[in-house]
Each structure stands twice: as C-alpha cells, then as structure tokens.
>>> print(open('target.csv').read())   # CSV, C-alpha atoms
chain,number,residue,atom,x,y,z
A,1392,ASN,CA,-2.8,64.2,-7.7
A,1393,LEU,CA,-2.0,67.8,-6.7
A,1394,ARG,CA,0.9,69.4,-4.8
A,1395,ALA,CA,1.5,73.0,-3.7
A,1396,LEU,CA,4.5,75.1,-2.8
A,1397,ILE,CA,3.6,78.0,-0.5
A,1398,GLU,CA,5.8,81.1,-0.5
A,1399,LYS,CA,7.6,80.2,2.8
A,1400,PRO,CA,7.5,76.4,3.2
A,1401,SER,CA,8.1,75.0,6.7
A,1402,PHE,CA,9.3,71.5,7.8
A,1403,MET,CA,10.2,69.7,11.0
A,1404,PRO,CA,13.3,71.6,12.3
A,1405,ASN,CA,14.9,68.7,14.1
A,1406,LEU,CA,14.8,66.3,11.1
A,1407,THR,CA,17.2,66.4,8.2
A,1408,GLY,CA,16.1,67.4,4.7
A,1409,TYR,CA,16.0,63.8,3.6
A,1410,GLU,CA,14.0,62.7,6.7
A,1411,ASN,CA,11.4,65.4,6.2
A,1412,LEU,CA,10.8,64.2,2.6
A,1413,GLU,CA,10.8,60.6,3.8
A,1414,LEU,CA,8.1,61.5,6.4
A,1415,LEU,CA,5.9,63.2,3.8
A,1416,ALA,CA,6.4,60.4,1.3
A,1417,SER,CA,5.2,57.8,3.9
A,1418,ILE,CA,1.7,59.4,3.9
A,1419,GLN,CA,0.9,57.9,0.5
A,1420,ASN,CA,3.8,55.4,0.3
A,1421,LYS,CA,4.1,55.9,-3.5
A,1422,ILE,CA,7.9,56.5,-3.6
A,1423,GLY,CA,11.0,55.3,-1.8
A,1424,LYS,CA,14.6,56.3,-1.1
A,1425,SER,CA,15.8,56.4,-4.7
A,1426,GLU,CA,13.0,58.8,-5.9
A,1427,ILE,CA,13.6,61.1,-2.9
A,1428,GLU,CA,17.4,61.2,-3.5
A,1429,GLU,CA,16.9,61.7,-7.3
A,1430,THR,CA,14.6,64.7,-6.5
A,1431,LEU,CA,17.2,66.1,-4.1
A,1432,LYS,CA,19.8,65.9,-6.8
A,1433,LYS,CA,17.4,67.7,-9.3
A,1434,VAL,CA,17.1,70.7,-6.9
A,1435,ASN,CA,20.8,70.8,-6.0
A,1436,LEU,CA,20.2,69.8,-2.4
A,1437,PHE,CA,21.6,66.3,-2.3
A,1438,GLU,CA,24.9,67.3,-0.6
A,1439,GLU,CA,22.9,68.9,2.3
A,1440,LYS,CA,20.3,66.1,2.6
A,1441,ASP,CA,21.7,64.9,6.0
A,1442,LYS,CA,21.8,68.4,7.5
A,1443,LYS,CA,19.0,69.3,10.0
A,1444,TYR,CA,16.3,71.6,8.5
A,1445,SER,CA,17.0,74.1,11.4
A,1446,LYS,CA,20.5,74.6,9.9
A,1447,TYR,CA,19.2,75.3,6.4
A,1448,SER,CA,19.6,78.7,4.8
A,1449,LEU,CA,16.5,80.4,3.3
A,1450,GLY,CA,17.5,79.2,-0.2
A,1451,MET,CA,17.9,75.7,1.0
A,1452,LYS,CA,14.6,75.7,2.7
A,1453,GLN,CA,13.0,76.9,-0.5
A,1454,LYS,CA,14.7,74.1,-2.5
A,1455,LEU,CA,13.4,71.5,0.0
A,1456,GLY,CA,9.9,72.9,-0.5
A,1457,ILE,CA,10.4,72.5,-4.3
A,1458,ALA,CA,11.6,68.9,-3.8
A,1459,GLN,CA,8.6,68.1,-1.7
A,1460,VAL,CA,6.3,69.3,-4.6
A,1461,LEU,CA,8.2,67.4,-7.3
A,1462,MET,CA,9.1,64.1,-5.7
A,1463,GLU,CA,5.8,62.2,-6.4
A,1464,ASN,CA,5.4,63.5,-9.9
A,1465,PRO,CA,2.0,65.2,-9.4
A,1466,GLU,CA,-0.3,66.0,-12.3
A,1467,ILE,CA,-1.1,69.5,-11.0
A,1468,ILE,CA,1.4,71.8,-9.2
A,1469,ILE,CA,0.6,75.1,-7.5
A,1470,LEU,CA,3.6,77.4,-7.1
A,1471,ASP,CA,3.3,80.5,-4.9
A,1472,GLU,CA,6.3,82.8,-5.4
A,1473,PRO,CA,8.6,79.8,-6.0
A,1474,PHE,CA,11.7,81.9,-6.6
A,1475,SER,CA,11.7,83.5,-3.1
A,1476,GLY,CA,15.1,83.1,-1.4
A,1477,LEU,CA,16.8,81.5,-4.4
A,1478,ASP,CA,20.0,82.8,-5.8
A,1479,PRO,CA,20.4,83.3,-9.6
A,1480,ILE,CA,22.0,79.9,-10.2
A,1481,ASN,CA,19.1,78.1,-8.4
A,1482,VAL,CA,16.5,80.3,-10.1
A,1483,ASP,CA,17.9,79.1,-13.5
A,1484,MET,CA,17.8,75.5,-12.1
A,1485,PHE,CA,14.1,75.8,-11.2
A,1486,ILE,CA,13.3,77.5,-14.5
A,1487,ASP,CA,14.7,74.4,-16.2
A,1488,VAL,CA,12.7,72.1,-13.9
A,1489,ILE,CA,9.4,74.0,-14.6
A,1490,ASN,CA,10.0,73.9,-18.4
A,1491,GLU,CA,10.6,70.2,-18.2
A,1492,LEU,CA,7.4,69.7,-16.2
A,1493,LYS,CA,5.5,71.7,-18.8
A,1494,GLU,CA,6.9,69.6,-21.6
A,1495,ASN,CA,5.8,66.4,-19.8
A,1496,GLY,CA,2.2,67.7,-19.5
A,1497,THR,CA,2.1,68.8,-15.9
A,1498,ILE,CA,-0.5,71.5,-15.2
A,1499,ILE,CA,1.2,74.4,-13.4
A,1500,ILE,CA,-0.8,77.1,-11.5
A,1501,PHE,CA,1.7,79.9,-10.9
A,1502,SER,CA,1.0,82.7,-8.4
A,1503,SER,CA,3.3,85.7,-8.3
A,1504,HIS,CA,3.5,89.5,-8.1
A,1505,GLN,CA,6.6,89.4,-10.3
A,1506,MET,CA,5.2,89.8,-13.8
A,1507,ASN,CA,8.6,89.0,-15.5
A,1508,ASN,CA,8.3,85.5,-13.9
A,1509,VAL,CA,4.7,85.1,-15.1
A,1510,GLU,CA,5.8,85.8,-18.7
A,1511,LEU,CA,8.5,83.1,-18.5
A,1512,PHE,CA,6.0,80.2,-18.1
A,1513,CYS,CA,2.3,81.1,-18.3
A,1514,GLU,CA,0.1,80.7,-21.3
A,1515,LYS,CA,-3.1,81.9,-19.6
A,1516,LEU,CA,-3.3,84.8,-17.2
A,1517,LEU,CA,-5.7,85.8,-14.4
A,1518,ILE,CA,-5.2,89.0,-12.4
A,1519,LEU,CA,-7.1,89.5,-9.2
A,1520,ASN,CA,-7.6,92.7,-7.2
A,1521,HIS,CA,-9.2,92.2,-3.8
A,1522,GLY,CA,-10.6,88.9,-5.0
A,1523,LYS,CA,-12.2,90.3,-8.1
A,1524,THR,CA,-11.1,89.4,-11.6
A,1525,ILE,CA,-9.4,92.3,-13.5
A,1526,ILE,CA,-7.9,90.5,-16.5
A,1527,GLN,CA,-8.4,87.0,-17.7
A,1528,GLY,CA,-7.4,85.3,-20.9
A,1529,ASN,CA,-4.6,84.0,-23.2
A,1530,LEU,CA,-1.3,85.8,-22.3
A,1531,LYS,CA,-0.4,86.5,-26.0
A,1532,ASP,CA,-3.9,87.9,-26.7
A,1533,ILE,CA,-3.8,90.2,-23.7
A,1534,LYS,CA,-0.4,91.6,-24.9
A,1535,ASN,CA,-1.4,91.9,-28.5
A,1536,ASN,CA,-4.6,93.7,-27.6
A,1537,TYR,CA,-2.7,96.4,-25.7
A,1538,ASP,CA,-2.1,99.2,-28.1
A,1539,GLU,CA,1.1,100.7,-26.8
A,1540,ARG,CA,4.4,99.5,-28.2
A,1541,LYS,CA,8.1,100.2,-27.6
A,1542,ILE,CA,10.7,101.0,-30.2
A,1543,LEU,CA,14.4,100.4,-29.5
A,1544,ILE,CA,16.7,102.5,-31.5
A,1545,LYS,CA,20.5,102.7,-32.0
A,1546,ALA,CA,21.4,105.6,-34.2
A,1547,ASP,CA,22.9,109.1,-34.3
A,1548,VAL,CA,19.6,110.7,-33.4
A,1549,SER,CA,18.5,113.3,-30.9
A,1550,LYS,CA,16.2,112.1,-28.1
A,1551,SER,CA,14.5,115.5,-28.0
A,1552,GLU,CA,13.8,115.3,-31.7
A,1553,LEU,CA,12.3,111.8,-31.4
A,1554,SER,CA,10.1,113.0,-28.6
A,1555,LYS,CA,8.4,115.5,-31.0
A,1556,LEU,CA,7.4,112.8,-33.5
A,1557,ASP,CA,3.7,111.8,-33.9
A,1558,GLY,CA,2.6,109.0,-31.5
A,1559,VAL,CA,5.6,109.2,-29.2
A,1560,LYS,CA,4.5,109.2,-25.5
A,1561,SER,CA,8.0,109.0,-23.9
A,1562,THR,CA,11.7,108.7,-24.7
A,1563,ILE,CA,14.3,107.1,-22.4
A,1564,ILE,CA,18.0,106.6,-22.9
A,1565,LYS,CA,19.1,103.2,-21.9
A,1566,GLY,CA,22.9,102.6,-22.4
A,1567,ASP,CA,23.6,103.1,-26.1
A,1568,GLU,CA,19.9,102.8,-27.0
A,1569,ILE,CA,16.9,105.1,-27.1
A,1570,GLU,CA,13.6,103.6,-26.0
A,1571,LEU,CA,10.4,105.1,-27.3
A,1572,LYS,CA,6.9,104.3,-26.1
A,1573,ILE,CA,4.4,104.9,-28.8
A,1574,GLU,CA,0.6,105.1,-28.7
A,1575,ASN,CA,0.2,102.1,-31.1
A,1576,LYS,CA,2.2,100.3,-33.7
A,1577,SER,CA,0.7,102.3,-36.6
A,1578,TYR,CA,3.1,105.2,-35.7
A,1579,ALA,CA,6.1,103.0,-36.1
A,1580,LYS,CA,6.4,103.5,-39.9
A,1581,GLY,CA,6.6,107.3,-39.6
A,1582,ILE,CA,9.2,107.0,-36.9
A,1583,PHE,CA,11.2,104.5,-39.0
A,1584,ASP,CA,11.1,106.9,-42.0
A,1585,TYR,CA,12.6,109.6,-39.8
A,1586,VAL,CA,15.3,107.4,-38.2
A,1587,SER,CA,16.3,105.8,-41.5
A,1588,LYS,CA,17.6,109.2,-42.6
A,1589,CYS,CA,19.9,109.5,-39.6
A,1590,LYS,CA,23.5,108.2,-39.5
A,1591,ASN,CA,24.8,105.0,-38.1
A,1592,VAL,CA,21.5,103.3,-37.7
A,1593,THR,CA,22.2,99.8,-36.3
A,1594,LYS,CA,18.9,99.0,-34.6
A,1595,PHE,CA,15.2,99.7,-35.0
A,1596,GLU,CA,13.0,97.2,-33.3
A,1597,VAL,CA,9.3,97.4,-32.4
A,1598,VAL,CA,8.4,95.3,-29.4
A,1599,GLU,CA,5.4,94.6,-27.2
A,1600,LEU,CA,5.4,96.0,-23.7
A,1601,SER,CA,6.1,93.5,-20.9
A,1602,LEU,CA,3.4,92.6,-18.4
A,1603,HIS,CA,5.2,94.6,-15.8
A,1604,GLU,CA,5.0,97.7,-18.0
A,1605,ILE,CA,1.4,97.1,-18.9
A,1606,PHE,CA,0.1,96.5,-15.3
>>> encode(input="target.csv", output="structure tokens")
Amino acid sequence: NLRALIEKPSFMPNLTGYENLELLASIQNKIGKSEIEETLKKVNLFEEKDKKYSKYSLGMKQKLGIAQVLMENPEIIILDEPFSGLDPINVDMFIDVINELKENGTIIIFSSHQMNNVELFCEKLLILNHGKTIIQGNLKDIKNNYDERKILIKADVSKSELSKLDGVKSTIIKGDEIELKIENKSYAKGIFDYVSKCKNVTKFEVVELSLHEIF
C-alpha cells in the first residue's frame, strides 16, 4: 500500500481535477466520491475540483498530485520535492498534512535537495552522491556528531574582537545579532566569559548547525 508524488506530477489535461482523481481511484475501487472530495478539501483544491487540469496553475497541479497520494490513506508515501510550485500558505498546509500523517503512523520517504525541508520532518537521513551513500543514520546523531557550533550574540561587543577569540572560525553580523561559528562547543565557555563582561548582553545562545550549513 504505497503511493508516490513525483516532482512534477501530470494528469489527463482534458479531465477536471475531480475526474482525474476519480479515474485513478477506480483502479483499486477502494474509495468513492466522499473520500475524494474530503481529500480535495484537505489540500485546498475543492473549489477548483471542476476546472480542467489544463487550466490549473503550477501550484494547483502540485496540490492535485498531493491529493492523489493522500486519498487512499496509504501506509507508505514517497515524496519527491513536494513543495515545488506551492506558495507559502500551501506549504504550511502541506506541512500540517505531513505532520498529521506521521502522527498516524504513515511511513514517509522524503526526497529533497532542500535541507531545511528535510529537517522539518525526517528522523533518519540518507545522502547520496552519484548513487553512492555519503551519510546515513539518525538525523539527531549526525548533527550531534558534527563538531562545529554557532553562537548567537546580542550585546555591545565588537565583531572584530570576537573574531580574535580562541575557537572562532567566522563572525557574521545578522541584523542586531552577531553570529559566530566555532570549532566545537568546548570553546563556548571562554567566549561566554568574554561576552558576559560586555554591556547590554541580551542573548548568548549556542546552537547546532543546520543540515544546509553542514552539507
């Protein structure tokens, strides 16, 4: 019981969104009109269900692909770049849908080049390069085992002075914060001792690097 969403799903252009789903549902004959319509509502496509697929926007086509994957409640779902073509509102919608699927025990295989999306959902990670495994394992363990850390600082402190401290690899000003990259978290205490002596310290936070920053 497996369904897959490819990056650019395609359907019968002369059929409506509803008719396309109805045709696909007839293959196994497991669901009827009510389940199809409920799925279209879930992906915010119900109002356009009677429009021909050829008239759909890129985002609407993607949402129909999502509906096709969801409508028969599969046990395993493969998602290949599922946010392609979606605006921010519909990205949030689909994030909610994926989290609901996870809570209900659905197995999700998520394929993406966008590491920020991978971090939203995935518990286990596999990175391939030309078909060969580069990294494999629990996502939290992979991040914990990476030595570098970031420190986010809000204080009356000089960026140039921070860059001279032991363990600091780089310093970047982001808005009203200074972001340090350090070789490993053992250097954080020495940096904290220095910053704590500065004026107007309102933030000192040590955080892991994101997957995007690591890879």
>>> residues_near_point(input="target.csv", point="(0.8, 79.1, -14.4)", cutoff="12 Å", atoms="only C-alpha atoms", output="ChimeraX atom specification")
/A:1467-1473,1489-1490,1492-1493,1497-1503,1506,1508-1518,1529-1530
>>> residues_around(input="target.csv", residues="Lys1545 in chain A", least_positions_apart="4", cutoff="8 Å", atoms="all atoms listed in the file", output="list of chain:residue names")
A:Asp1567, A:Glu1568, A:Ile1569, A:Asn1591, A:Val1592, A:Thr1593, A:Lys1594, A:Phe1595
>>> closest_residue(input="target.csv", among="A:Lys1588, A:Ile1525, A:Asn1575, A:Phe1583", to="Asp1547 in chain A", atoms="all atoms listed in the file")
A:Lys1588
>>> closest_residue(input="target.csv", among="A:Lys1580, A:Leu1602, A:Pro1404, A:Phe1485", to="Gln1505 in chain A", atoms="only C-alpha atoms")
A:Leu1602
>>> closest_residue(input="target.csv", among="A:Asn1392, A:Ser1445, A:Asn1405, A:Ser1587", to="Asn1464 in chain A", atoms="all atoms listed in the file")
A:Asn1392
>>> residues_around(input="target.csv", residues="Asp1441 in chain A", least_positions_apart="2", cutoff="8 Å", atoms="only C-alpha atoms", output="compact mmCIF listing (two decimals) with C-alpha atoms, in the frame of the given file")
# COMPACT_ATOMS: atom_id res chain seq x y z
CA THR A 1407 17.20 66.40 8.20
CA GLY A 1408 16.10 67.40 4.70
CA TYR A 1409 16.00 63.80 3.60
CA GLU A 1438 24.90 67.30 -0.60
CA GLU A 1439 22.90 68.90 2.30
CA LYS A 1443 19.00 69.30 10.00
>>> atom_distance(input="target.csv", atom1="CA of Ala1579 in chain A", atom2="CA of Ser1551 in chain A")
17.1 Å
>>> atom_distance(input="target.csv", atom1="CA of Val1597 in chain A", atom2="CA of Tyr1578 in chain A")
10.5 Å
